[in-house]
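Peer 1: The structure file data-v1.txt (compact mmCIF, C-alpha atoms) is provided below.
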# COMPACT_ATOMS: atom_id res chain seq x y z
CA MET A 12 89.23 101.95 124.89
CA ASN A 13 88.58 98.19 125.21
CA GLU A 14 85.81 98.23 122.60
CA LEU A 15 88.13 100.04 120.18
CA PHE A 16 90.84 97.40 120.67
CA ALA A 17 88.28 94.62 120.15
CA GLY A 18 87.18 96.25 116.89
CA VAL A 19 90.78 96.61 115.68
CA GLY A 20 91.42 92.94 116.48
CA LEU A 21 88.31 91.86 114.56
CA VAL A 22 89.31 93.93 111.50
CA LEU A 23 92.80 92.39 111.55
CA CYS A 24 91.34 88.87 111.82
CA GLY A 25 89.17 89.60 108.75
CA LEU A 26 92.27 90.77 106.83
CA VAL A 27 94.06 87.54 107.81
CA LEU A 28 91.13 85.56 106.36
CA LEU A 29 91.43 87.56 103.12
CA VAL A 30 95.16 86.81 102.88
CA MET A 31 94.40 83.09 103.42
CA TYR A 32 92.99 83.11 99.86
CA ARG A 33 96.50 83.79 98.54
CA VAL A 34 97.93 81.06 100.78
CA ILE A 35 95.46 78.41 99.58
CA PHE A 36 95.03 79.23 95.87
CA GLY A 37 98.24 81.19 95.17
CA PRO A 38 100.02 79.84 92.10
CA GLY A 39 103.43 78.54 93.08
CA VAL A 40 105.27 78.34 96.37
CA PHE A 41 106.67 81.91 96.33
CA ASN A 42 103.23 83.52 96.56
CA ARG A 43 102.50 81.29 99.53
CA VAL A 44 105.71 82.28 101.34
CA ALA A 45 105.01 86.00 100.78
CA ALA A 46 101.42 85.63 102.03
CA ILE A 47 102.51 83.70 105.13
CA SER A 48 105.00 86.48 105.92
CA ALA A 49 102.17 89.04 105.66
CA ILE A 50 99.99 86.91 107.98
CA GLY A 51 102.81 86.77 110.54
CA THR A 52 103.09 90.56 110.50
CA LYS A 53 99.38 90.94 111.19
CA THR A 54 99.48 88.29 113.93
CA LEU A 55 102.13 90.31 115.77
CA VAL A 56 99.75 93.26 116.15
CA ILE A 57 96.83 90.95 117.04
CA LEU A 58 98.90 89.44 119.88
CA LEU A 59 99.61 92.88 121.38
CA ILE A 60 95.90 93.75 121.17
CA PHE A 61 95.02 90.49 122.96
CA GLY A 62 97.46 91.57 125.66
CA TYR A 63 95.53 94.80 126.19
CA LEU A 64 92.17 93.00 126.13
CA TYR A 65 93.24 90.46 128.79
CA ASN A 66 95.24 93.03 130.87
CA ARG A 67 98.36 90.83 130.58
CA ILE A 68 100.48 93.08 128.36
CA GLU A 69 103.72 92.22 130.19
CA MET A 70 103.37 88.59 129.05
CA PHE A 71 102.07 89.17 125.51
CA VAL A 72 104.77 91.68 124.57
CA ASP A 73 107.42 88.97 124.98
CA ILE A 74 105.35 86.51 122.94
CA SER A 75 105.03 89.16 120.23
CA LEU A 76 108.79 89.79 120.18
CA VAL A 77 109.50 86.06 119.80
CA TYR A 78 106.87 85.83 117.05
CA ALA A 79 108.57 88.64 115.11
CA LEU A 80 111.95 86.90 115.37
CA LEU A 81 110.54 83.51 114.30
CA ASN A 82 108.70 85.06 111.35
CA PHE A 83 111.90 86.74 110.13
CA VAL A 84 114.07 83.63 110.54
CA GLY A 85 111.51 81.35 108.89
CA CYS A 86 111.17 83.70 105.94
CA ILE A 87 114.96 83.86 105.42
CA ALA A 88 115.25 80.05 105.73
CA ALA A 89 112.50 79.44 103.15
CA ALA A 90 114.11 81.94 100.76
CA LYS A 91 117.56 80.33 101.08
CA TYR A 92 116.14 76.81 100.57
CA LEU A 93 114.11 77.77 97.49
CA GLU A 94 117.06 79.67 95.99
CA ARG A 95 119.30 76.59 96.30
CA GLU A 96 116.52 74.43 94.84
CA GLY A 97 116.31 76.73 91.82
CA GLU A 98 120.06 76.66 91.16
CA ALA A 99 120.12 72.85 91.29
CA ARG A 100 117.47 72.57 88.57
CA MET B 24 90.55 111.39 126.76
CA THR B 25 93.92 113.03 126.80
CA LEU B 26 95.98 114.16 123.83
CA LEU B 27 98.15 111.04 123.89
CA LYS B 28 95.08 108.77 123.63
CA VAL B 29 93.83 110.73 120.60
CA LEU B 30 97.27 110.50 118.98
CA SER B 31 97.45 106.75 119.62
CA ILE B 32 93.97 106.23 118.09
CA LEU B 33 95.08 108.20 114.99
CA PHE B 34 98.27 106.13 114.63
CA ILE B 35 96.39 102.82 115.00
CA ALA B 36 93.80 103.94 112.43
CA GLY B 37 96.61 104.74 109.98
CA GLY B 38 98.09 101.31 110.61
CA ILE B 39 94.75 99.62 109.88
CA PHE B 40 94.43 101.63 106.64
CA PHE B 41 97.87 100.57 105.39
CA PHE B 42 97.22 96.93 106.38
CA PHE B 43 94.05 97.08 104.26
CA THR B 44 95.81 98.56 101.22
CA ALA B 45 98.62 95.98 101.47
CA THR B 46 96.05 93.17 101.56
CA VAL B 47 94.20 94.56 98.52
CA GLY B 48 97.52 94.76 96.65
CA LEU B 49 98.42 91.20 97.64
CA LEU B 50 95.08 89.93 96.31
CA ARG B 51 94.73 92.02 93.15
CA PHE B 52 98.17 92.52 91.57
CA PRO B 53 99.05 90.36 88.56
CA ASP B 54 102.28 88.56 89.48
CA PHE B 55 104.64 87.62 92.28
CA PHE B 56 106.99 90.63 92.18
CA SER B 57 104.25 93.25 92.14
CA ARG B 58 102.45 91.46 94.99
CA LEU B 59 105.68 91.53 96.98
CA HIS B 60 106.06 95.23 96.16
CA ALA B 61 102.63 95.91 97.68
CA THR B 62 102.95 93.80 100.79
CA GLY B 63 106.58 94.56 101.60
CA LYS B 64 106.27 98.31 101.85
CA GLY B 65 102.66 98.46 103.03
CA ASP B 66 103.10 95.97 105.86
CA THR B 67 106.31 97.63 107.05
CA LEU B 68 104.69 101.04 107.38
CA ALA B 69 101.50 99.57 108.86
CA VAL B 70 103.22 97.60 111.60
CA PHE B 71 105.40 100.63 112.44
CA LEU B 72 102.35 102.92 112.78
CA SER B 73 100.36 100.37 114.82
CA LEU B 74 103.19 99.67 117.25
CA VAL B 75 103.96 103.37 117.73
CA GLY B 76 100.27 103.92 118.47
CA LEU B 77 100.22 101.13 121.04
CA ALA B 78 103.42 102.50 122.66
CA LEU B 79 101.84 105.98 122.92
CA TYR B 80 98.84 104.38 124.64
CA GLU B 81 101.14 102.56 127.06
CA GLY B 82 103.35 105.54 127.95
CA ILE B 83 106.97 105.43 129.09
CA THR B 84 107.15 102.10 130.90
CA LEU B 85 109.16 98.92 130.34
CA ASN B 86 106.45 97.51 128.09
CA GLY B 87 106.29 100.69 126.02
CA VAL B 88 110.05 100.60 125.44
CA LYS B 89 109.78 96.92 124.44
CA ILE B 90 107.04 97.76 121.91
CA ILE B 91 109.24 100.52 120.42
CA LEU B 92 112.09 97.98 120.16
CA ILE B 93 109.80 95.54 118.31
CA ALA B 94 108.86 98.37 115.93
CA ILE B 95 112.51 99.21 115.18
CA PHE B 96 113.31 95.51 114.67
CA MET B 97 110.42 95.06 112.25
CA PHE B 98 111.48 98.21 110.37
CA ILE B 99 114.85 96.54 109.69
CA ALA B 100 113.76 92.90 109.32
CA GLN B 101 110.73 93.19 107.04
CA PRO B 102 112.54 94.78 104.03
CA THR B 103 115.37 92.27 104.48
CA ALA B 104 112.95 89.34 104.30
CA THR B 105 111.19 90.85 101.28
CA HIS B 106 114.49 91.31 99.48
CA ALA B 107 115.54 87.72 100.25
CA ILE B 108 112.28 86.26 98.91
CA SER B 109 112.34 88.36 95.73
CA LYS B 110 115.99 87.47 95.05
CA ALA B 111 115.16 83.78 95.52
CA GLY B 112 112.25 84.12 93.09
CA LEU B 113 114.48 85.77 90.48
CA ARG B 114 117.16 83.07 90.85
CA TYR B 115 114.45 80.39 90.68
CA GLY B 116 113.49 81.62 87.24
CA LEU B 117 110.28 83.61 87.69
CA LYS B 118 109.89 86.22 84.95
CA PRO B 119 108.61 89.70 85.89
CA TRP B 120 105.20 90.59 84.48
CA MET B 121 105.12 92.83 81.40
CA LYS B 122 102.12 94.79 80.14
CA GLY B 123 100.00 92.57 77.95
CA ASP B 124 100.91 89.28 79.62
CA GLU B 125 98.22 87.25 81.31
CA ARG B 126 97.80 87.26 85.11
CA ARG B 127 99.66 84.59 87.04
Once more with this new file: its structure as structure tokens, please.
Peer 2:
Amino acid sequence: MNELFAGVGLVLCGLVLLVMYRVIFGPGVFNRVAAISAIGTKTLVILLIFGYLYNRIEMFVDISLVYALLNFVGCIAAAKYLEREGEAR
Amino acid sequence: MTLLKVLSILFIAGGIFFFFTATVGLLRFPDFFSRLHATGKGDTLAVFLSLVGLALYEGITLNGVKIILIAIFMFIAQPTATHAISKAGLRYGLKPWMKGDERR
């Protein structure tokens, strides 16, 4: 089962590298915020798979929960800030 | 290799498939709203399937229950974040893409 988890982690890391194209070259700030949210979602699963690979799942599940909360709050904060910026223009 | 292991492998494979389709949509679609349409729904389903697969592999323990709680939280939080970003983009003044426009 460990080899399977390592393969799943490698595939998810490759998908994160693909999404980095949208973060670097994406036209405008909204594409970048959406792509960073997608990267955070993938990182959550990668963290749980690291927990199984290192046999420390009881520690990594808490880190993953905190990462999900921070991703959500950061996304909402960026959306609120950009919305206010657009109304001031 | 029990039945639960096989089920968890199937769920994780489905999660990887939907992650891949969401990434292809994020890279290939022509404007911001259609990209958000791909990644919002695809990532939500993919993270739900992956976390349910990992919880089936873990079994009924404290960590398995925590993983199920993360899955339920993501199932509520991810569409909320997608809606907030798309509403901010519409208020900012981004126009939705019509057929015949150029890619942005």
Peer 1: Would you mind listing what lies within 10 Å of region 66-69 of chain A as a PyMOL selection string, with all atoms listed in the file counted and same-chain residues fewer than 4 positions away left out?
Peer 2: (chain A and resi 58-62+73-74) or (chain B and resi 81+85-87+89)
Peer 1: Please identify every residue of chain A that has at least one atom no more than 9 Å from any atom of chain B, counting all atoms listed in the file, and report them as JSON, numbers by chain.
Peer 2: {"A": [15, 19, 22, 23, 26, 27, 29, 30, 32, 33, 37, 38, 41, 42, 44, 45, 46, 48, 49, 52, 53, 55, 56, 59, 60, 68, 69, 72, 73, 75, 76, 79, 80, 83, 84, 86, 87, 89, 90, 91, 92, 93, 94, 95, 96, 97, 98, 100]}
Peer 1: With C-alpha atoms retained, could you export that selection as an mmCIF file, in the coordinates of the input?
Peer 2:
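Result saved to again-v8.cif:
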data_model
loop_
_atom_site.group_PDB
_atom_site.id
_atom_site.type_symbol
_atom_site.label_atom_id
_atom_site.label_comp_id
_atom_site.auth_asym_id
_atom_site.auth_seq_id
_atom_site.Cartn_x
_atom_site.Cartn_y
_atom_site.Cartn_z
ATOM 1 C CA LEU A 15 88.130 100.040 120.180
ATOM 2 C CA VAL A 19 90.780 96.610 115.680
ATOM 3 C CA VAL A 22 89.310 93.930 111.500
ATOM 4 C CA LEU A 23 92.800 92.390 111.550
ATOM 5 C CA LEU A 26 92.270 90.770 106.830
ATOM 6 C CA VAL A 27 94.060 87.540 107.810
ATOM 7 C CA LEU A 29 91.430 87.560 103.120
ATOM 8 C CA VAL A 30 95.160 86.810 102.880
ATOM 9 C CA TYR A 32 92.990 83.110 99.860
ATOM 10 C CA ARG A 33 96.500 83.790 98.540
ATOM 11 C CA GLY A 37 98.240 81.190 95.170
ATOM 12 C CA PRO A 38 100.020 79.840 92.100
ATOM 13 C CA PHE A 41 106.670 81.910 96.330
ATOM 14 C CA ASN A 42 103.230 83.520 96.560
ATOM 15 C CA VAL A 44 105.710 82.280 101.340
ATOM 16 C CA ALA A 45 105.010 86.000 100.780
ATOM 17 C CA ALA A 46 101.420 85.630 102.030
ATOM 18 C CA SER A 48 105.000 86.480 105.920
ATOM 19 C CA ALA A 49 102.170 89.040 105.660
ATOM 20 C CA THR A 52 103.090 90.560 110.500
ATOM 21 C CA LYS A 53 99.380 90.940 111.190
ATOM 22 C CA LEU A 55 102.130 90.310 115.770
ATOM 23 C CA VAL A 56 99.750 93.260 116.150
ATOM 24 C CA LEU A 59 99.610 92.880 121.380
ATOM 25 C CA ILE A 60 95.900 93.750 121.170
ATOM 26 C CA ILE A 68 100.480 93.080 128.360
ATOM 27 C CA GLU A 69 103.720 92.220 130.190
ATOM 28 C CA VAL A 72 104.770 91.680 124.570
ATOM 29 C CA ASP A 73 107.420 88.970 124.980
ATOM 30 C CA SER A 75 105.030 89.160 120.230
ATOM 31 C CA LEU A 76 108.790 89.790 120.180
ATOM 32 C CA ALA A 79 108.570 88.640 115.110
ATOM 33 C CA LEU A 80 111.950 86.900 115.370
ATOM 34 C CA PHE A 83 111.900 86.740 110.130
ATOM 35 C CA VAL A 84 114.070 83.630 110.540
ATOM 36 C CA CYS A 86 111.170 83.700 105.940
ATOM 37 C CA ILE A 87 114.960 83.860 105.420
ATOM 38 C CA ALA A 89 112.500 79.440 103.150
ATOM 39 C CA ALA A 90 114.110 81.940 100.760
ATOM 40 C CA LYS A 91 117.560 80.330 101.080
ATOM 41 C CA TYR A 92 116.140 76.810 100.570
ATOM 42 C CA LEU A 93 114.110 77.770 97.490
ATOM 43 C CA GLU A 94 117.060 79.670 95.990
ATOM 44 C CA ARG A 95 119.300 76.590 96.300
ATOM 45 C CA GLU A 96 116.520 74.430 94.840
ATOM 46 C CA GLY A 97 116.310 76.730 91.820
ATOM 47 C CA GLU A 98 120.060 76.660 91.160
ATOM 48 C CA ARG A 100 117.470 72.570 88.570
#
Peer 1: So the first atom is CA of Gly48 (chain B) and the second is CA of Ser31 (chain B); what is the distance between them in Å, to one decimal place?
Peer 2: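 Calculated distance between CA of Gly48 (chain B) and CA of Ser31 (chain B) is 25.9 Å.
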Peer 1: Can you tell me how far CA of Glu125 (chain B) sits from CA of Lys64 (chain B), in Å to one decimal?
Peer 2: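 Between CA of Glu125 (chain B) and CA of Lys64 (chain B) the gap works out to 24.7 Å.
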Peer 1: Please compute the CA of Ile57 (chain A)-CA of Gly20 (chain A) distance, one decimal, in Å.
Peer 2: 5.8 Å
Peer 1: Hey, which of A:Ile47, A:Leu64, A:Met12, A:Met70 ends up closest to Asn82 (chain A)? Count only C-alpha atoms.
Peer 2: A:Ile47
Peer 1: Which centre and which edge lengths, in Å to one decimal, describe the axis-aligned box that holds all listed atoms of region 51-66 of chain A after 4 Å is added on each side, as lines of an AutoDock Vina configuration file?
Peer 2:
center_x = 97.6
center_y = 90.8
center_z = 120.7
size_x = 18.9
size_y = 16.0
size_z = 28.4
